[in-house]
$ cat coords_8.cif   # mmCIF, C-alpha atoms
data_run
loop_
_atom_site.label_atom_id
_atom_site.label_comp_id
_atom_site.auth_asym_id
_atom_site.auth_seq_id
_atom_site.Cartn_x
_atom_site.Cartn_y
_atom_site.Cartn_z
CA MET A 16 0.00 0.00 0.00
CA GLN A 17 1.48 3.29 -1.13
CA ARG A 18 0.26 6.56 0.33
CA ARG A 19 1.70 10.00 -0.19
CA GLY A 20 0.26 13.44 0.19
CA THR A 21 0.72 17.14 0.79
CA LEU A 22 -1.44 19.71 2.55
CA GLY A 23 -2.42 23.02 1.04
CA ALA A 24 -3.81 26.09 2.77
CA CYS A 25 -7.00 24.29 3.79
CA GLY A 26 -5.01 21.32 5.03
CA SER A 27 -2.72 23.61 7.02
CA TYR A 28 -5.77 25.14 8.70
CA LEU A 29 -7.09 21.70 9.58
CA VAL A 30 -3.74 20.71 11.05
CA ALA A 31 -3.61 23.88 13.14
CA ALA A 32 -7.11 23.21 14.48
CA ALA A 33 -6.25 19.59 15.19
CA LEU A 34 -3.12 20.66 17.06
CA LEU A 35 -5.34 22.44 19.58
CA VAL A 36 -7.51 19.35 19.99
CA TRP A 37 -4.57 17.03 20.46
CA ALA A 38 -2.88 19.43 22.89
CA VAL A 39 -5.98 19.40 25.09
CA SER A 40 -6.58 15.64 24.85
CA ALA A 41 -2.98 14.49 25.37
CA SER A 42 -2.41 13.15 28.88
CA ALA A 43 0.51 12.60 31.22
CA ALA A 44 0.16 8.88 30.51
CA ASP A 45 1.26 9.29 26.90
CA TRP A 46 4.55 7.85 25.62
CA PRO A 47 4.99 10.09 22.57
CA ARG A 48 8.51 9.20 21.47
CA PHE A 49 11.66 7.19 22.00
CA LEU A 50 12.40 7.07 25.75
CA GLY A 51 9.02 8.44 26.70
CA PRO A 52 7.45 11.76 27.69
CA ASP A 53 10.67 13.67 28.36
CA GLY A 54 13.19 11.39 26.67
CA THR A 55 14.52 9.89 29.91
CA GLY A 56 13.05 6.38 29.89
CA VAL A 57 10.91 7.31 32.92
CA SER A 58 7.11 7.42 32.98
CA PRO A 59 5.04 9.50 35.45
CA GLU A 60 2.42 6.75 35.71
CA THR A 61 1.34 5.34 39.06
CA GLY A 62 -0.97 2.57 40.20
CA LEU A 63 1.13 -0.23 38.71
CA ALA A 64 1.10 -3.77 40.05
CA ARG A 65 4.01 -4.90 42.20
CA SER A 66 3.32 -8.60 41.63
CA TRP A 67 1.97 -10.65 38.73
CA PRO A 68 -0.27 -13.68 38.44
CA GLU A 69 1.28 -16.97 37.37
CA GLY A 70 2.34 -16.62 33.73
CA GLY A 71 2.92 -12.89 34.00
CA PRO A 72 0.75 -9.83 33.45
CA PRO A 73 -2.36 -10.29 31.27
CA VAL A 74 -1.74 -10.02 27.52
CA LEU A 75 -4.35 -7.64 26.08
CA TRP A 76 -3.38 -8.17 22.46
CA THR A 77 -0.67 -9.52 20.17
CA LEU A 78 0.26 -8.11 16.76
CA ASP A 79 2.40 -9.73 14.07
CA LEU A 80 5.02 -7.39 12.61
CA GLY A 81 7.75 -7.47 10.02
CA ASP A 82 11.29 -8.11 11.20
CA GLY A 83 12.73 -5.45 13.40
CA PHE A 84 13.47 -3.63 16.60
CA GLY A 85 11.24 -0.57 16.20
CA SER A 86 9.27 0.38 19.30
CA ALA A 87 5.98 2.18 19.85
CA ALA A 88 4.85 5.70 20.54
CA VAL A 89 1.49 6.04 22.30
CA VAL A 90 -0.64 9.21 22.34
CA GLY A 91 -4.33 9.66 23.07
CA GLY A 92 -5.10 5.95 23.12
CA LYS A 93 -3.41 5.30 19.77
CA VAL A 94 -0.26 3.27 19.21
CA TYR A 95 2.11 4.23 16.40
CA VAL A 96 4.78 1.85 15.15
CA LEU A 97 7.03 2.15 12.10
CA ASP A 98 6.96 -1.36 10.66
CA ARG A 99 9.00 -2.71 7.77
CA ILE A 100 7.92 -4.93 4.89
CA LYS A 101 10.99 -7.00 4.09
CA ASP A 102 13.42 -5.21 1.80
CA ARG A 103 10.67 -3.08 0.23
CA GLN A 104 8.77 -0.55 2.33
CA ASP A 105 8.48 1.26 5.64
CA VAL A 106 4.94 1.34 7.02
CA LEU A 107 3.62 3.58 9.79
CA ARG A 108 0.78 1.70 11.48
CA CYS A 109 -1.79 3.29 13.79
CA LEU A 110 -3.36 0.88 16.30
CA ASP A 111 -6.01 1.18 18.97
CA LEU A 112 -4.29 0.90 22.36
CA ALA A 113 -7.15 -1.03 23.95
CA THR A 114 -7.58 -3.67 21.24
CA GLY A 115 -4.50 -3.61 18.98
CA LYS A 116 -6.76 -3.21 15.96
CA GLU A 117 -5.10 -1.36 13.06
CA GLU A 118 -6.97 1.82 12.20
CA TRP A 119 -4.86 3.21 9.35
CA ARG A 120 -1.42 3.07 7.80
CA PHE A 121 0.97 5.16 5.74
CA ALA A 122 3.55 3.38 3.57
CA TYR A 123 6.40 4.45 1.32
CA ASP A 124 8.93 2.61 -0.82
CA ALA A 125 12.33 2.11 0.80
CA PRO A 126 14.00 -0.80 -0.98
CA GLY A 127 17.14 -2.41 0.38
CA GLU A 128 18.55 -4.64 3.06
CA VAL A 129 20.99 -4.12 5.90
CA PRO A 130 22.54 -6.42 8.51
CA TYR A 131 20.00 -7.21 11.25
CA PRO A 132 17.22 -6.29 8.82
CA GLY A 133 14.04 -4.55 9.85
CA SER A 134 12.69 -1.50 11.61
CA ARG A 135 14.76 0.60 14.02
CA GLN A 136 13.01 3.67 15.42
CA ALA A 137 10.03 4.73 17.46
CA PRO A 138 7.83 7.40 15.84
CA THR A 139 7.80 10.86 17.42
CA VAL A 140 4.35 12.38 17.98
CA ASP A 141 4.08 16.15 18.37
CA GLY A 142 0.54 17.53 18.38
CA ASP A 143 -1.19 16.40 15.20
CA VAL A 144 2.06 15.37 13.49
CA ILE A 145 3.90 12.04 13.57
CA PHE A 146 7.56 12.23 12.60
CA THR A 147 9.17 9.03 11.37
CA VAL A 148 12.75 8.24 10.38
CA GLY A 149 13.28 5.00 8.48
CA PRO A 150 16.39 2.80 8.51
CA PHE A 151 17.49 4.15 5.12
CA GLY A 152 17.17 7.79 6.17
CA ASN A 153 13.66 8.60 4.91
CA VAL A 154 12.09 11.33 7.07
CA HIS A 155 8.35 12.00 7.03
CA ALA A 156 5.98 14.34 8.82
CA ILE A 157 2.55 12.66 8.74
CA SER A 158 -0.76 14.16 9.82
CA ARG A 159 -2.73 12.22 12.44
CA THR A 160 -5.86 13.81 10.97
CA THR A 161 -5.46 13.19 7.24
CA HIS A 162 -3.02 10.25 7.46
CA GLU A 163 -1.01 11.86 4.66
CA ALA A 164 2.53 13.24 4.43
CA ILE A 165 2.90 16.94 5.16
CA TRP A 166 6.54 16.86 4.04
CA SER A 167 9.37 14.41 3.53
CA HIS A 168 13.16 14.38 3.25
CA HIS A 169 16.02 11.93 3.05
CA VAL A 170 18.59 12.73 5.72
CA VAL A 171 21.38 10.93 3.85
CA ASN A 172 20.62 11.82 0.22
CA ASP A 173 19.68 15.44 0.93
CA PHE A 174 23.31 16.25 1.64
CA ARG A 175 24.96 14.47 -1.27
CA GLU A 176 26.69 16.83 -3.67
CA PRO A 177 26.58 16.07 -7.43
CA GLY A 178 29.99 15.12 -8.76
CA ALA A 179 31.66 14.98 -5.36
CA ALA A 180 33.95 12.10 -4.52
CA LYS A 181 32.48 9.23 -2.54
CA ALA A 182 34.66 10.15 0.44
CA ASP A 183 33.04 13.59 0.49
CA GLN A 184 29.48 12.25 0.76
CA PRO A 185 27.26 11.23 3.67
CA VAL A 186 26.87 7.47 3.93
CA LEU A 187 24.25 5.09 5.24
CA PRO A 188 25.65 3.46 8.38
CA THR A 189 26.51 -0.24 8.33
CA TRP A 190 23.56 -1.10 10.62
CA ALA A 191 21.29 1.52 9.04
CA PHE A 192 20.00 4.83 10.33
CA THR A 193 18.89 4.41 13.95
CA GLN A 194 18.39 7.96 15.18
CA SER A 195 15.22 9.37 16.63
CA PRO A 196 14.92 13.15 16.17
CA ALA A 197 15.27 15.81 18.81
CA LEU A 198 12.46 18.37 18.83
CA TYR A 199 13.44 21.92 19.68
CA LYS A 200 10.80 24.65 19.59
CA ASP A 201 9.62 24.68 15.96
CA THR A 202 12.41 22.47 14.58
CA LEU A 203 13.22 18.78 14.19
CA ILE A 204 16.91 17.94 14.56
CA LEU A 205 18.83 15.01 13.06
CA ALA A 206 22.50 14.27 12.43
CA PRO A 207 23.59 13.19 8.92
CA LEU A 208 27.17 13.06 10.31
CA GLY A 209 28.67 13.64 6.90
CA PRO A 210 32.10 15.01 6.03
CA LYS A 211 30.63 18.45 5.28
CA VAL A 212 27.43 18.61 7.34
CA GLY A 213 27.17 17.32 10.89
CA VAL A 214 23.75 18.18 12.33
CA VAL A 215 20.67 19.70 10.68
CA ALA A 216 17.39 21.28 11.78
CA TYR A 217 14.20 21.16 9.71
CA GLU A 218 11.20 23.37 10.37
CA LYS A 219 8.55 21.08 11.83
CA ALA A 220 5.67 22.69 9.94
CA THR A 221 7.20 22.82 6.46
CA GLY A 222 10.32 20.66 6.35
CA LYS A 223 12.39 23.67 5.29
CA LEU A 224 16.04 23.43 6.31
CA ARG A 225 16.52 25.94 9.13
CA TRP A 226 20.24 25.38 9.74
CA LYS A 227 23.08 22.94 9.24
CA SER A 228 26.18 22.63 11.37
CA PRO A 229 29.78 22.15 10.29
CA PRO A 230 31.10 18.56 10.42
CA VAL A 231 31.24 17.07 13.91
CA GLY A 232 33.61 14.25 13.02
CA PRO A 233 35.55 12.90 10.07
CA GLY A 234 32.44 11.70 8.25
CA THR A 235 31.91 8.41 10.05
CA PHE A 236 28.84 7.25 11.90
CA CYS A 237 27.44 6.45 15.32
CA TYR A 238 24.02 5.17 16.30
CA ALA A 239 22.95 7.38 19.21
CA SER A 240 20.23 9.98 18.66
CA PRO A 241 20.85 13.73 18.89
CA PHE A 242 20.47 14.62 22.57
CA LEU A 243 18.85 17.92 23.50
CA ALA A 244 19.75 19.45 26.86
CA THR A 245 20.20 22.79 28.58
CA LEU A 246 23.76 22.81 29.91
CA ALA A 247 25.46 25.75 31.61
CA GLY A 248 22.41 27.82 30.71
CA ALA A 249 22.39 27.12 26.96
CA ASP A 250 20.10 24.91 24.86
CA GLN A 251 22.33 22.53 22.93
CA VAL A 252 22.34 19.29 20.98
CA VAL A 253 24.98 16.71 21.82
CA VAL A 254 26.02 14.17 19.19
CA PHE A 255 28.63 11.44 18.84
CA ALA A 256 30.92 10.50 15.95
CA ASN A 257 33.72 7.98 15.53
CA LYS A 258 37.12 8.66 14.00
CA LYS A 259 36.98 5.54 11.85
CA VAL A 260 34.25 3.15 10.74
CA ASP A 261 33.96 -0.05 12.80
CA ALA A 262 37.27 0.41 14.58
CA TRP A 263 38.32 0.51 18.24
CA VAL A 264 39.06 4.24 18.32
CA PRO A 265 38.06 7.20 20.49
CA ALA A 266 34.68 8.83 19.95
CA ILE A 267 34.16 12.51 19.29
CA VAL A 268 31.51 14.20 21.44
CA THR A 269 30.24 17.51 20.06
CA SER A 270 27.68 20.08 21.16
CA VAL A 271 25.97 22.49 18.77
CA ASP A 272 23.70 25.40 19.58
CA ALA A 273 20.10 24.15 19.30
CA ALA A 274 18.92 27.39 17.68
CA THR A 275 21.71 27.95 15.13
CA GLY A 276 23.85 24.81 14.73
CA LYS A 277 26.98 26.66 15.81
CA VAL A 278 29.53 24.30 17.36
CA LEU A 279 29.89 25.11 21.06
CA TRP A 280 32.36 22.49 22.26
CA THR A 281 33.93 19.22 21.20
CA LEU A 282 35.81 16.47 23.00
CA GLU A 283 37.72 13.38 21.91
CA THR A 284 37.41 10.58 24.46
CA TRP A 285 40.59 9.58 26.26
CA LYS A 286 40.20 5.92 25.26
CA PRO A 287 38.45 3.92 22.51
CA TYR A 288 34.67 4.31 22.45
CA LYS A 289 33.53 2.34 19.45
CA LEU A 290 30.06 2.94 17.98
CA PRO A 291 28.13 4.88 20.64
CA ILE A 292 24.51 3.74 20.71
CA SER A 293 22.96 4.75 24.04
CA ASN A 294 22.24 8.43 24.64
CA PRO A 295 23.86 10.71 27.22
CA VAL A 296 21.96 11.44 30.44
CA LYS A 297 21.83 14.90 32.01
CA ILE A 298 22.75 14.54 35.70
CA GLY A 299 23.15 18.21 36.67
CA GLU A 300 22.91 21.72 35.31
CA ASP A 301 26.33 21.32 33.72
CA ARG A 302 26.92 17.54 33.70
CA LEU A 303 26.39 14.62 31.34
CA PHE A 304 26.67 10.91 32.15
CA ILE A 305 27.79 8.76 29.21
CA SER A 306 28.13 4.99 29.01
CA GLY A 307 28.86 2.49 26.27
CA ALA A 308 30.39 -0.79 25.24
CA TYR A 309 33.70 -2.01 23.85
CA GLY A 310 35.48 -1.31 27.13
CA VAL A 311 34.70 2.40 27.58
CA GLY A 312 32.53 1.78 30.66
CA CYS A 313 31.09 5.07 31.87
CA PHE A 314 32.21 8.64 32.44
CA ALA A 315 30.80 12.07 33.19
CA LEU A 316 31.51 15.42 31.57
CA LYS A 317 31.33 18.84 33.17
CA VAL A 318 30.48 21.61 30.72
CA LYS A 319 31.75 25.16 31.33
CA LYS A 320 31.21 28.55 29.75
CA GLU A 321 33.45 31.52 30.53
CA GLY A 322 32.47 34.57 28.53
CA GLU A 323 31.99 33.23 24.99
CA THR A 324 34.36 30.30 25.47
CA TRP A 325 33.09 26.77 26.08
CA SER A 326 35.12 23.93 27.54
CA THR A 327 34.64 20.49 29.07
CA GLU A 328 36.41 18.37 31.63
CA TYR A 329 35.88 14.89 33.02
CA ALA A 330 33.95 14.77 36.28
CA PHE A 331 35.01 11.10 36.42
CA LYS A 332 36.28 8.46 34.01
CA ASP A 333 38.01 5.05 33.94
CA ASN A 334 34.90 3.61 35.54
CA ASN A 335 33.68 0.11 34.64
CA ASN A 336 30.64 0.00 36.91
CA CYS A 337 28.32 0.53 33.95
CA ALA A 338 28.54 -0.46 30.28
CA ALA A 339 25.23 0.54 28.68
CA HIS A 340 25.67 -0.88 25.21
CA LEU A 341 22.24 -0.57 23.55
CA HIS A 342 19.91 1.12 26.03
CA THR A 343 20.16 4.57 27.60
CA PRO A 344 20.50 4.70 31.41
CA ALA A 345 17.66 6.30 33.35
CA LEU A 346 17.99 8.94 36.07
CA TYR A 347 15.34 8.36 38.73
CA LYS A 348 15.12 10.00 42.15
CA GLY A 349 18.81 10.86 42.22
CA ARG A 350 20.08 7.47 41.08
CA LEU A 351 21.17 6.13 37.69
CA TYR A 352 19.76 2.78 36.62
CA ALA A 353 21.14 0.92 33.60
CA ASN A 354 21.36 -2.45 31.92
CA SER A 355 25.12 -2.96 32.03
CA PHE A 356 25.83 -5.44 29.25
CA ASP A 357 28.50 -5.29 26.57
CA ILE A 358 27.66 -7.67 23.73
CA HIS A 359 31.38 -8.11 23.05
CA GLN A 360 32.32 -8.71 26.69
CA PRO A 361 29.32 -10.68 28.07
CA THR A 362 31.27 -12.29 30.91
CA LYS A 363 31.81 -8.83 32.41
CA ALA A 364 28.10 -7.97 32.54
CA ASN A 365 26.96 -6.36 35.79
CA GLY A 366 23.30 -6.78 34.84
CA LEU A 367 20.91 -4.17 36.13
CA VAL A 368 22.93 -1.60 38.06
CA CYS A 369 22.28 1.36 40.31
CA LEU A 370 24.86 4.16 40.50
CA ASP A 371 25.04 7.43 42.35
CA LEU A 372 25.80 10.58 40.37
CA GLU A 373 29.53 10.21 41.00
CA GLY A 374 29.55 6.83 39.28
CA ASN A 375 29.79 4.78 42.47
CA LEU A 376 28.10 1.38 42.28
CA LYS A 377 25.28 1.09 44.81
CA TRP A 378 24.22 -2.37 43.65
CA LYS A 379 24.24 -4.76 40.71
CA SER A 380 21.98 -7.69 39.88
CA ALA A 381 24.83 -9.94 38.66
CA PRO A 382 25.55 -12.75 39.21
CA GLN A 383 22.02 -13.37 40.49
CA ALA A 384 20.49 -11.96 37.33
CA THR A 385 21.67 -10.51 34.04
CA PHE A 386 19.51 -9.36 31.14
CA ASP A 387 21.68 -9.62 28.03
CA ALA A 388 20.90 -6.57 25.82
CA GLY A 389 17.23 -6.16 26.73
CA GLY A 390 15.48 -2.82 27.12
CA PHE A 391 13.97 -1.31 30.24
CA LEU A 392 11.94 1.60 31.56
CA VAL A 393 11.14 3.06 34.99
CA ALA A 394 7.74 3.99 36.45
CA ASP A 395 6.08 4.14 39.87
CA ASP A 396 9.25 3.07 41.72
CA LEU A 397 9.45 0.01 39.47
CA ILE A 398 11.82 -1.12 36.72
CA PHE A 399 10.47 -3.23 33.85
CA ILE A 400 13.41 -4.95 32.17
CA MET A 401 13.44 -7.49 29.33
CA HIS A 402 16.03 -10.24 28.96
CA GLY A 403 17.39 -9.72 25.46
CA LYS A 404 18.17 -13.41 24.94
CA THR A 405 15.26 -15.25 26.57
CA GLY A 406 12.30 -12.88 26.20
CA GLU A 407 11.67 -12.95 29.96
CA LEU A 408 10.28 -9.77 31.49
CA SER A 409 11.35 -8.92 35.04
CA LEU A 410 9.84 -6.51 37.52
CA VAL A 411 12.35 -4.93 39.91
CA GLU A 412 11.95 -2.35 42.62
CA ALA A 413 13.74 0.91 41.78
CA ALA A 414 15.45 0.84 45.15
CA PRO A 415 18.53 2.94 45.91
CA ASP A 416 20.10 0.40 48.29
CA ALA A 417 19.77 -3.15 46.86
CA PHE A 418 18.62 -5.29 43.93
CA LYS A 419 15.04 -6.25 44.78
CA PRO A 420 13.39 -8.46 42.16
CA LEU A 421 9.61 -8.72 42.43
CA ALA A 422 8.40 -10.88 39.52
CA LYS A 423 9.48 -12.57 36.29
CA ALA A 424 7.63 -14.13 33.36
CA LYS A 425 8.36 -15.46 29.88
CA ILE A 426 6.65 -13.02 27.51
CA LEU A 427 8.40 -12.97 24.12
CA LYS A 428 10.04 -15.40 21.75
CA ALA A 429 13.83 -15.49 21.65
CA GLU A 430 15.26 -15.83 18.16
CA GLY A 431 18.99 -15.30 17.85
CA ALA A 432 19.27 -13.38 21.15
CA THR A 433 17.90 -10.17 19.63
CA VAL A 434 14.96 -9.10 21.82
CA TRP A 435 16.40 -5.59 21.84
CA ALA A 436 13.48 -3.22 21.24
CA PRO A 437 12.76 -0.44 23.72
CA MET A 438 9.45 -0.59 25.59
CA ALA A 439 6.58 1.89 25.89
CA LEU A 440 4.12 2.47 28.74
CA SER A 441 0.78 4.26 28.59
CA ASP A 442 -2.40 4.02 30.68
CA GLY A 443 -1.08 1.02 32.59
CA LYS A 444 -0.33 -0.84 29.38
CA LEU A 445 3.23 -1.98 28.68
CA ILE A 446 4.13 -2.50 25.02
CA VAL A 447 6.98 -4.89 24.23
CA ARG A 448 8.15 -6.71 21.13
CA ASP A 449 10.49 -9.35 19.76
CA LEU A 450 11.65 -9.67 16.15
CA HIS A 451 8.19 -10.55 14.81
CA GLN A 452 5.50 -9.75 17.38
CA MET A 453 4.34 -6.86 19.53
CA LYS A 454 2.41 -7.47 22.75
CA CYS A 455 0.42 -5.19 25.02
CA LEU A 456 0.46 -6.17 28.70
CA ASP A 457 -1.84 -4.94 31.47
CA VAL A 458 0.54 -3.97 34.30
CA ARG A 459 -1.96 -2.06 36.43
CA LYS A 460 -2.88 -2.98 39.95
CA PRO A 461 -6.03 -5.16 40.04
CA GLY A 462 -9.15 -3.03 39.98
CA LYS A 463 -7.45 -0.03 38.37
#
$ encode --input "coords_8.cif" --output "structure tokens"
Amino acid sequence: MQRRGTLGACGSYLVAAALLVWAVSASAADWPRFLGPDGTGVSPETGLARSWPEGGPPVLWTLDLGDGFGSAAVVGGKVYVLDRIKDRQDVLRCLDLATGKEEWRFAYDAPGEVPYPGSRQAPTVDGDVIFTVGPFGNVHAISRTTHEAIWSHHVVNDFREPGAAKADQPVLPTWAFTQSPALYKDTLILAPLGPKVGVVAYEKATGKLRWKSPPVGPGTFCYASPFLATLAGADQVVVFANKKVDAWVPAIVTSVDAATGKVLWTLETWKPYKLPISNPVKIGEDRLFISGAYGVGCFALKVKKEGETWSTEYAFKDNNNCAAHLHTPALYKGRLYANSFDIHQPTKANGLVCLDLEGNLKWKSAPQATFDAGGFLVADDLIFIMHGKTGELSLVEAAPDAFKPLAKAKILKAEGATVWAPMALSDGKLIVRDLHQMKCLDVRKPGK
């Protein structure tokens, strides 16, 4: 099914009117994007069950999907997932949260195959508009009202220059485009990470290019999303790049001004940090916590501004208490929680860990329990964490002093140890998936 569309003046008026409706109807229980309401992996929901019946929480519905790792966004009782039809198309599907019934879809051609084929991202819902970014770099703004495209771009091809040498062009990453956009005021921000353009901002309403930054690395790719934060009083976007493709080399961490794309500061890590995937976490008005795999462990940066000059220093480094390979750590009530698992060093896994803001280990679940490369989220003093190899879902108390498991149940199929998708939580309903199926679980307290 192929659907494309544009909106004229009348359509723009309808979108503006719908924006008001959606703004009023959206609730605190929504999960509108990757990592939830504020991009931290933490939900404000309460009233969640602290124990499960035998067999786990009730399954409200199950949906077959194409191959992939793409997770859900949930707004106003609707579930949005960017599915993939093998080697041919990306398909945005809109489902009813209560029943899982598909209500509409928007599809576009995106032929090709990459290693670990399938979907990657969660949609981003902002008012009446759903922003999607496909694994090949296709970007769409789609109306929730008309179910048609308002605008579209290709974040790789848009910055190719006719006649330029291959080395001077943006490239599709080996494991495809995995970024989710950062939304800043009236712009949508992505990082082509090319040799001539590092980060770009599109106007949300029109798709017009607002700004583009200088290169933020030597034209090689990482898999983390642009991270928006206010640090030392300035709104900025932090991105990663590697010095070489698929090599054990330091990473380059760069900040650009969120309003203009001007480079504010840049840092080369003191040791190899191959292929950053998980996002930074803001842990103070001027501090970022960063963790990854391939032996980098975790570290924290302190950002400074003196006059017009920006600089950074390490608040701590050479710390192996946390290695958050695929999934971003979560800051909750003054503690950092993370799934510490390095796919390339599995014997060193600490499992679920709790750190203070100085990087000190408060507790780890290993050797009692590890979770491979599964995703997790935090809500109501609880941690929901999936085992990335077995498909078992665990419920753990988000306690600052000890690992306190509460429940565990086999929920998903395990095929090739790749149950890696992030989760989503809305209205007491937890949405999880494996390579081929999505499930909606009722995790509310009985009677809620």
$ resolve_selection --input "coords_8.cif" --expression "the PyMOL selection byres ((chain A and resi 244) around 10)" --output "ChimeraX atom specification"
/A:197,199,241-243,245-253,270,273,295-297,300-301,303
$ residues_around --input "coords_8.cif" --residues "A:Gly51" --least-positions-apart "5" --cutoff "9 Å" --atoms "all atoms listed in the file" --output "list of chain:residue names"
A:Asp45, A:Trp46, A:Gly56, A:Val57, A:Ser58, A:Ala88, A:Leu392, A:Ala439, A:Leu440
$ write_last_selection --input "coords_8.cif" --atoms "C-alpha atoms" --output "PDB file, in the frame of the given file"
ATOM      1  CA  ASP A  45       1.260   9.290  26.900  1.00  0.00           C
ATOM      2  CA  TRP A  46       4.550   7.850  25.620  1.00  0.00           C
ATOM      3  CA  GLY A  56      13.050   6.380  29.890  1.00  0.00           C
ATOM      4  CA  VAL A  57      10.910   7.310  32.920  1.00  0.00           C
ATOM      5  CA  SER A  58       7.110   7.420  32.980  1.00  0.00           C
ATOM      6  CA  ALA A  88       4.850   5.700  20.540  1.00  0.00           C
ATOM      7  CA  LEU A 392      11.940   1.600  31.560  1.00  0.00           C
ATOM      8  CA  ALA A 439       6.580   1.890  25.890  1.00  0.00           C
ATOM      9  CA  LEU A 440       4.120   2.470  28.740  1.00  0.00           C
TER      10      LEU A 440
END
$ atom_distance --input "coords_8.cif" --atom1 "atom CA of A:Ile426" --atom2 "atom CA of A:Lys444"
14.2 Å
$ resolve_selection --input "coords_8.cif" --expression "the PyMOL selection byres ((chain A and resi 365-374) around 7)" --output "PyMOL selection string"
chain A and resi 298+350-356+363-364+375-381+384-386+415
$ write_last_selection --input "coords_8.cif" --atoms "C-alpha atoms" --output "tab-separated table (two decimals), in the frame of the given file"
chain	number	residue	atom	x	y	z
A	298	ILE	CA	22.75	14.54	35.70
A	350	ARG	CA	20.08	7.47	41.08
A	351	LEU	CA	21.17	6.13	37.69
A	352	TYR	CA	19.76	2.78	36.62
A	353	ALA	CA	21.14	0.92	33.60
A	354	ASN	CA	21.36	-2.45	31.92
A	355	SER	CA	25.12	-2.96	32.03
A	356	PHE	CA	25.83	-5.44	29.25
A	363	LYS	CA	31.81	-8.83	32.41
A	364	ALA	CA	28.10	-7.97	32.54
A	375	ASN	CA	29.79	4.78	42.47
A	376	LEU	CA	28.10	1.38	42.28
A	377	LYS	CA	25.28	1.09	44.81
A	378	TRP	CA	24.22	-2.37	43.65
A	379	LYS	CA	24.24	-4.76	40.71
A	380	SER	CA	21.98	-7.69	39.88
A	381	ALA	CA	24.83	-9.94	38.66
A	384	ALA	CA	20.49	-11.96	37.33
A	385	THR	CA	21.67	-10.51	34.04
A	386	PHE	CA	19.51	-9.36	31.14
A	415	PRO	CA	18.53	2.94	45.91
$ closest_residue --input "coords_8.cif" --among "A:Trp166, A:Tyr95, A:Phe236, A:Phe331" --to "A:Ala256" --atoms "all atoms listed in the file"
A:Phe236
$ closest_residue --input "coords_8.cif" --among "A:Leu445, A:Leu208, A:Ile165, A:Leu203" --to "A:Val231" --atoms "only C-alpha atoms"
A:Leu208
$ residues_around --input "coords_8.cif" --residues "A:Tyr309" --least-positions-apart "4" --cutoff "12 Å" --atoms "all atoms listed in the file" --output "PDB file with C-alpha atoms, keeping the file's coordinate frame"
ATOM      1  CA  ASP A 261      33.960  -0.050  12.800  1.00  0.00           C
ATOM      2  CA  ALA A 262      37.270   0.410  14.580  1.00  0.00           C
ATOM      3  CA  TRP A 263      38.320   0.510  18.240  1.00  0.00           C
ATOM      4  CA  VAL A 264      39.060   4.240  18.320  1.00  0.00           C
ATOM      5  CA  PRO A 265      38.060   7.200  20.490  1.00  0.00           C
ATOM      6  CA  ALA A 266      34.680   8.830  19.950  1.00  0.00           C
ATOM      7  CA  LYS A 286      40.200   5.920  25.260  1.00  0.00           C
ATOM      8  CA  PRO A 287      38.450   3.920  22.510  1.00  0.00           C
ATOM      9  CA  TYR A 288      34.670   4.310  22.450  1.00  0.00           C
ATOM     10  CA  LYS A 289      33.530   2.340  19.450  1.00  0.00           C
ATOM     11  CA  LEU A 290      30.060   2.940  17.980  1.00  0.00           C
ATOM     12  CA  PRO A 291      28.130   4.880  20.640  1.00  0.00           C
ATOM     13  CA  ILE A 292      24.510   3.740  20.710  1.00  0.00           C
ATOM     14  CA  CYS A 313      31.090   5.070  31.870  1.00  0.00           C
ATOM     15  CA  ASN A 335      33.680   0.110  34.640  1.00  0.00           C
ATOM     16  CA  CYS A 337      28.320   0.530  33.950  1.00  0.00           C
ATOM     17  CA  ALA A 338      28.540  -0.460  30.280  1.00  0.00           C
ATOM     18  CA  ALA A 339      25.230   0.540  28.680  1.00  0.00           C
ATOM     19  CA  HIS A 340      25.670  -0.880  25.210  1.00  0.00           C
ATOM     20  CA  LEU A 341      22.240  -0.570  23.550  1.00  0.00           C
ATOM     21  CA  SER A 355      25.120  -2.960  32.030  1.00  0.00           C
ATOM     22  CA  PHE A 356      25.830  -5.440  29.250  1.00  0.00           C
ATOM     23  CA  ASP A 357      28.500  -5.290  26.570  1.00  0.00           C
ATOM     24  CA  ILE A 358      27.660  -7.670  23.730  1.00  0.00           C
ATOM     25  CA  HIS A 359      31.380  -8.110  23.050  1.00  0.00           C
ATOM     26  CA  GLN A 360      32.320  -8.710  26.690  1.00  0.00           C
ATOM     27  CA  PRO A 361      29.320 -10.680  28.070  1.00  0.00           C
ATOM     28  CA  LYS A 363      31.810  -8.830  32.410  1.00  0.00           C
ATOM     29  CA  ALA A 364      28.100  -7.970  32.540  1.00  0.00           C
TER      30      ALA A 364
END
$ atom_distance --input "coords_8.cif" --atom1 "atom CA of A:Leu97" --atom2 "atom CA of A:Pro126"
15.1 Å
$ resolve_selection --input "coords_8.cif" --expression "the PyMOL selection byres ((chain A and resi 168) around 9)" --output "list in words"
Gly152, Asn153, Val154, His155, Trp166, Ser167, His169, Val170, Val171, Asn172, Asp173 and Gly222 of chain A
$ residues_around --input "coords_8.cif" --residues "A:Tyr123" --least-positions-apart "6" --cutoff "12 Å" --atoms "all atoms listed in the file" --output "list in words"
Met16, Gln17, Arg18, Arg19, Gly20, Leu97, Asp98, Arg99, Ile100, Asp102, Arg103, Gln104, Asp105, Val106, Leu107, Arg108, Thr147, Val148, Gly149, Phe151, Asn153, Val154, His155, Ile157, Glu163, Ala164 and Ser167 of chain A
